[in-house]
Amino acid sequence: MKAFVGKIVHTKSLNEFVVLPNGYILVDDNGKITEVGENYVKGNNVELVQLNDGQFLMPGFIDSHIHAPQFAQNGLGLDMELLDWLNNYTFPLESKFADKDFASKIYKNVVKTTLALGTTMASYFGTNHRESTLVLAETAVAHGQRALVGKVCSCRNCPDFYVETEEESVRETKLYLQQFESQIKSPLVKPIITPRFAISCTETLLKSLGDIAKSRNYHIQSHISENLGEIEFTKSLYGGKSYANIYNDAGLLTNKTVMAHGVFLEDEEVKLFAKTGTSVSHCPASNTMLSSGLCDVLRLLKNGVTVGLGTDVSGGNCVSIKDVILRALDVSHHLEFIKKQEIKGTGKISTTQDDYVPLNYKQAIYLATLGGASALSVDNVVGNFEVGKEFDALLIDTSLFPMPNFVLSEMIGQNFSPEEKVLELVQKFIFNGDDRNILKIFVAGKQVK
Ligand code: GUN
Ligand code: FE
C-alpha cells in the first residue's frame, strides 16, 4: 500500500473541478485507489510519498485519437488539406509499415515519447497491416502504457500500394482480434475496431466491422465530419446520406465508439451521437493545421455528447495532450471572437448562444482526463481519483521551471485561499509548463517515469 500525500486535483465532470490542498490517495498493491481524502493519518505498512510545496498530483492525460505510424512524419507536410495530405504524404508513409522492423522502430519511439509527455492512455490507429499493428500493441505493453490499438481498415479510395479488398480487411481484422487475444496478455491494452473513414470503406465493409464489434462488444474508432471536401465526397459515395447515418446504419455508433473531429456535425447528427452514446475526440491542433475548421465542443457537450481530446498526430503537430489543451482553449476563444465580431461564416461553425463563454482551463483539463476516459468508455477504470479506479497519475513539480517560480498569491499579498494557491500551480503547469515539470508518471499504480 502507498499513500500519496500533498496537493491533489482532479475532476468529477465538465464543471466539477476538485482541489484537495492537503489531500491524500491510498493506492493498493494492485494499483487500485482504495481511499481519497484530506489530512492523512499514517497507517501501518503504508509507504509514504510526501509531495513538496511546489508539487501536485493530477490524473494522467488521455489521448483519445492518435495515429502511431504518422509520428514518423510529425511536423512535416502540413501544407495541404485533408484528402491531398492523405494521398501525398500519409498513405505512402503508412504503406512502409508493411515492414515490421521499420514499424517497431517508430512504434517504440511514439510510445516512449507520448508516455513521457504524460499520456497514460492512448487510442491508437495503426496501419492496414495486422502484424505491425500487433507490434504496436506489444510496444504499449512493454512500456506500461494503457492503450486501445486498432488495425486500420481501408478497401477503396486509397492508392494501389496501400489498400485491402473488402474480404481481406474483414479477414485480417478477425485474425488481428484472435492474435491479440492470444498474444497481448496485459489488461491495460485492448483492441479497437478501426474503419479509417467512410471514404476508404464500402457499406459492406462498414457493416461487417459493425457486426464484428457487436459480436464481442469491441471498442470502435473512426473519423467523422472533419473537412468540407471530405464530407462532400462522402455524401457522393453514400447517396447523400448524412455522415453519422452512414456509420449508424452499419452499427458503428455505439456507447463504445469514439469518432475523431466532428467539426461540421449537423444538429440531427449531434442528437444521434447523444442517443447512441457515441463520443467525439476533439483534435483542435489537427483541425487548425489541416485547415479543417473550428469545432465547437461546448455545443457538443451541451447536447449531451461526451468529448475527449486527441492529438491526431500527425494531422496535429502536438504530441503532448497538455499542448492540445492550449490549442482547445485557443479554438474556443476564436469561436467567441467570431461571435463577438458577428462574422457568421457558413453557419455550420456558428455557436449555439449569443453570450458565448469559451472553454476554461479547468474544463479543458476535464476533457484531457475524465472526458477522454469517458470518450474511450474506460471512465469506470481511469480518468480521475475515485475509489475503485486504477491509479493513473502525474506528479507535477512546478519548481522545476526553467523560469521564475513566482505566484501571485505571494507577490501581491492578497488573501488567496488554499484552493486558489493550488490552482495557481495548476495554471503555471498548464499555461507555461512542459514535460520537464512531469516528475513521475504512474499507470495502474506502477511508476513508468
Ligand atoms: N481521415 C482519414 N484518415 C485520416 C488521418 O490519417 N488523419 C486525419 N486527420 N483524418 C483522417
Ligand atoms: Fe485522425
# chains A, B, ... in the order shown; residues from 1 in each chain; ligands from 1
>>> closest_atom_pairs(of="stretch 220-336 of chain A", to="stretch 431-438 of chain A", cutoff="10 Å", atoms="only C-alpha atoms", output="tab-separated table")
residue	atom	partner	partner_atom	distance
A:Ser320	CA	A:Asp435	CA	8.5
A:Lys322	CA	A:Asp434	CA	7.8
A:Asp323	CA	A:Asp434	CA	8.4
A:Ile325	CA	A:Phe431	CA	9.2
A:Leu326	CA	A:Phe431	CA	7.3
>>> write_last_selection(atoms="all heavy atoms", output="tab-separated table (two decimals), in the first residue's frame")
chain	number	residue	atom	x	y	z
A	320	SER	N	1.90	16.28	-27.27
A	320	SER	CA	1.51	16.37	-25.87
A	320	SER	C	0.05	16.80	-25.73
A	320	SER	O	-0.38	17.78	-26.34
A	320	SER	CB	2.40	17.40	-25.17
A	320	SER	OG	1.75	17.93	-24.05
A	322	LYS	N	-1.11	18.07	-23.11
A	322	LYS	CA	-1.08	19.37	-22.43
A	322	LYS	C	-1.06	20.52	-23.46
A	322	LYS	O	-1.73	21.53	-23.30
A	322	LYS	CB	0.12	19.50	-21.49
A	322	LYS	CG	-0.05	20.65	-20.50
A	322	LYS	CD	1.23	21.06	-19.84
A	322	LYS	CE	2.12	21.85	-20.75
A	322	LYS	NZ	1.56	23.16	-21.17
A	323	ASP	N	-0.32	20.32	-24.54
A	323	ASP	CA	-0.31	21.33	-25.60
A	323	ASP	C	-1.68	21.40	-26.31
A	323	ASP	O	-2.13	22.47	-26.71
A	323	ASP	CB	0.78	21.02	-26.63
A	323	ASP	CG	2.18	21.19	-26.03
A	323	ASP	OD1	2.30	21.81	-24.95
A	323	ASP	OD2	3.15	20.70	-26.63
A	325	ILE	N	-4.48	20.91	-24.91
A	325	ILE	CA	-5.36	21.70	-24.02
A	325	ILE	C	-5.31	23.17	-24.44
A	325	ILE	O	-6.34	23.83	-24.58
A	325	ILE	CB	-4.91	21.56	-22.54
A	325	ILE	CG1	-5.32	20.18	-21.99
A	325	ILE	CG2	-5.50	22.67	-21.67
A	325	ILE	CD1	-4.88	19.93	-20.55
A	326	LEU	N	-4.11	23.67	-24.67
A	326	LEU	CA	-3.96	25.09	-25.04
A	326	LEU	C	-4.57	25.36	-26.41
A	326	LEU	O	-5.19	26.40	-26.63
A	326	LEU	CB	-2.49	25.50	-25.01
A	326	LEU	CG	-1.82	25.39	-23.63
A	326	LEU	CD1	-0.37	25.86	-23.70
A	326	LEU	CD2	-2.58	26.19	-22.57
>>> residues_near_ligand(ligand="ligand 1", cutoff="9 Å", atoms="only C-alpha atoms and all ligand atoms", output="ChimeraX atom specification")
/A:66-67,70,82-83,85-86,90-91,125,196-200,222-224,226-227,230,260-261,283,286-287,290,312-316
>>> atom_distance(atom1="atom CA of A:Glu419", atom2="atom CA of A:Asp330")
25.6 Å
>>> select_by_dssp(residues="stretch 107-206 of chain A", states="strand (DSSP E or B)", output="ChimeraX atom specification")
/A:119-125,146-150,152-153,189-195
>>> select_by_dssp(residues="stretch 179-379 of chain A", states="alpha helix (DSSP H)", output="PyMOL selection string")
chain A and resi 179-183+203-216+228-237+243-249+267-276+284-289+297-302+321-341+361-366+372-375
>>> write_last_selection(atoms="C-alpha atoms", output="compact mmCIF listing (two decimals), in the first residue's frame")
# COMPACT_ATOMS: atom_id res chain seq x y z
CA GLN A 179 -3.97 -12.97 -32.31
CA PHE A 180 -4.46 -10.01 -30.00
CA GLU A 181 -6.31 -12.21 -27.57
CA SER A 182 -3.62 -14.88 -27.53
CA GLN A 183 -0.55 -12.60 -27.66
CA GLU A 203 -21.15 -0.07 -46.97
CA THR A 204 -20.40 -3.80 -46.90
CA LEU A 205 -17.10 -3.38 -45.10
CA LEU A 206 -18.58 -0.96 -42.57
CA LYS A 207 -21.45 -3.36 -41.89
CA SER A 208 -19.07 -6.31 -41.43
CA LEU A 209 -17.00 -4.27 -38.98
CA GLY A 210 -20.16 -3.24 -37.14
CA ASP A 211 -21.11 -6.92 -36.85
CA ILE A 212 -17.67 -7.86 -35.54
CA ALA A 213 -17.82 -5.05 -32.98
CA LYS A 214 -21.23 -6.20 -31.85
CA SER A 215 -20.19 -9.84 -31.54
CA ARG A 216 -17.81 -9.11 -28.65
CA LEU A 228 -15.87 20.17 -46.04
CA GLY A 229 -14.33 18.49 -49.10
CA GLU A 230 -14.27 15.18 -47.25
CA ILE A 231 -17.94 15.50 -46.29
CA GLU A 232 -18.96 16.29 -49.86
CA PHE A 233 -17.06 13.29 -51.22
CA THR A 234 -18.52 11.06 -48.51
CA LYS A 235 -22.08 12.08 -49.31
CA SER A 236 -21.47 11.45 -53.01
CA LEU A 237 -20.30 7.91 -52.22
CA TYR A 243 -22.15 11.11 -42.34
CA ALA A 244 -23.44 9.95 -38.95
CA ASN A 245 -26.15 7.81 -40.55
CA ILE A 246 -23.61 6.05 -42.75
CA TYR A 247 -21.90 4.78 -39.61
CA ASN A 248 -25.10 4.27 -37.65
CA ASP A 249 -26.68 2.14 -40.38
CA ASP A 267 -27.91 19.09 -35.27
CA GLU A 268 -29.51 15.77 -36.20
CA GLU A 269 -26.13 14.06 -36.15
CA VAL A 270 -25.30 15.53 -32.76
CA LYS A 271 -28.62 14.15 -31.50
CA LEU A 272 -27.77 10.74 -32.91
CA PHE A 273 -24.39 10.82 -31.14
CA ALA A 274 -26.07 11.65 -27.83
CA LYS A 275 -28.72 8.96 -28.35
CA THR A 276 -26.26 6.20 -29.25
CA PRO A 284 -8.00 21.21 -32.30
CA ALA A 285 -4.35 21.18 -33.38
CA SER A 286 -5.16 18.97 -36.36
CA ASN A 287 -8.31 20.89 -37.26
CA THR A 288 -6.16 24.01 -37.44
CA MET A 289 -3.06 22.58 -39.15
CA VAL A 297 -17.10 21.36 -28.42
CA LEU A 298 -19.26 23.29 -25.97
CA ARG A 299 -22.15 22.81 -28.41
CA LEU A 300 -21.49 19.05 -28.40
CA LEU A 301 -21.21 18.91 -24.62
CA LYS A 302 -24.39 20.95 -24.11
CA ILE A 321 -2.08 16.46 -24.66
CA LYS A 322 -1.08 19.37 -22.43
CA ASP A 323 -0.31 21.33 -25.60
CA VAL A 324 -3.63 20.21 -27.08
CA ILE A 325 -5.36 21.70 -24.02
CA LEU A 326 -3.96 25.09 -25.04
CA ARG A 327 -5.00 24.59 -28.66
CA ALA A 328 -8.51 23.66 -27.49
CA LEU A 329 -8.64 26.87 -25.44
CA ASP A 330 -7.44 28.86 -28.46
CA VAL A 331 -10.12 27.40 -30.71
CA SER A 332 -12.82 28.07 -28.14
CA HIS A 333 -11.67 31.69 -27.76
CA HIS A 334 -11.62 32.09 -31.53
CA LEU A 335 -15.22 30.89 -31.69
CA GLU A 336 -16.05 33.51 -29.09
CA PHE A 337 -14.38 36.18 -31.24
CA ILE A 338 -16.34 35.08 -34.29
CA LYS A 339 -19.49 35.50 -32.31
CA LYS A 340 -18.44 38.86 -30.93
CA GLN A 341 -17.39 40.13 -34.30
CA TYR A 361 -8.66 25.65 -18.33
CA LYS A 362 -10.43 23.54 -15.71
CA GLN A 363 -12.92 22.29 -18.30
CA ALA A 364 -10.05 21.62 -20.70
CA ILE A 365 -8.31 19.54 -18.02
CA TYR A 366 -11.55 17.59 -17.66
CA GLY A 372 -11.03 11.25 -22.56
CA ALA A 373 -11.73 8.28 -20.30
CA SER A 374 -15.46 8.65 -20.92
CA ALA A 375 -14.90 9.06 -24.66
>>> atom_distance(atom1="atom CA of A:Val305", atom2="atom CA of A:Val9")
24.2 Å
>>> residues_around(residues="A:Leu423", least_positions_apart="2", cutoff="12 Å", atoms="only C-alpha atoms", output="MDAnalysis selection string")
chainID A and resid 7:10 17:21 54:58 361:362 398 407:409 416:421 425:431
>>> residues_around(residues="A:Asn384", least_positions_apart="3", cutoff="10 Å", atoms="only C-alpha atoms", output="count of residues only")
23
>>> atom_distance(atom1="atom CA of A:Val141", atom2="atom CA of A:Leu253")
28.0 Å
>>> closest_residue(among="A:Tyr24, A:Tyr124, A:Phe385, A:Phe102", to="ligand 2", atoms="only C-alpha atoms and all ligand atoms")
A:Tyr124
>>> closest_residue(among="A:Tyr176, A:Tyr356, A:Phe264, A:Phe61", to="A:Ser242", atoms="only C-alpha atoms")
A:Phe264
>>> residues_around(residues="A:Val280", least_positions_apart="5", cutoff="6 Å", atoms="only C-alpha atoms", output="list in words")
Val258, Met259, Ala260 and Val307 of chain A
>>> write_last_selection(atoms="C-alpha atoms", output="compact mmCIF listing (two decimals), in the first residue's frame")
# COMPACT_ATOMS: atom_id res chain seq x y z
CA VAL A 258 -15.21 7.42 -30.43
CA MET A 259 -15.24 9.50 -33.61
CA ALA A 260 -12.46 11.99 -34.28
CA VAL A 307 -15.87 14.73 -25.59
>>> residues_around(residues="A:Tyr89", least_positions_apart="5", cutoff="10 Å", atoms="only C-alpha atoms", output="list of chain:residue names")
A:Gln70, A:Gln73, A:Leu76, A:Gly77, A:Leu78, A:Met80, A:Asp84, A:Glu94
>>> closest_residue(among="A:Val135, A:Leu93, A:Leu394, A:Met411", to="A:Phe4", atoms="only C-alpha atoms")
A:Leu394
>>> residues_around(residues="A:Gln178", least_positions_apart="6", cutoff="12 Å", atoms="only C-alpha atoms", output="list in words")
Arg130, Leu134, Arg171, Glu172, Ile184, Lys190, Pro191, Ile212 and Arg216 of chain A
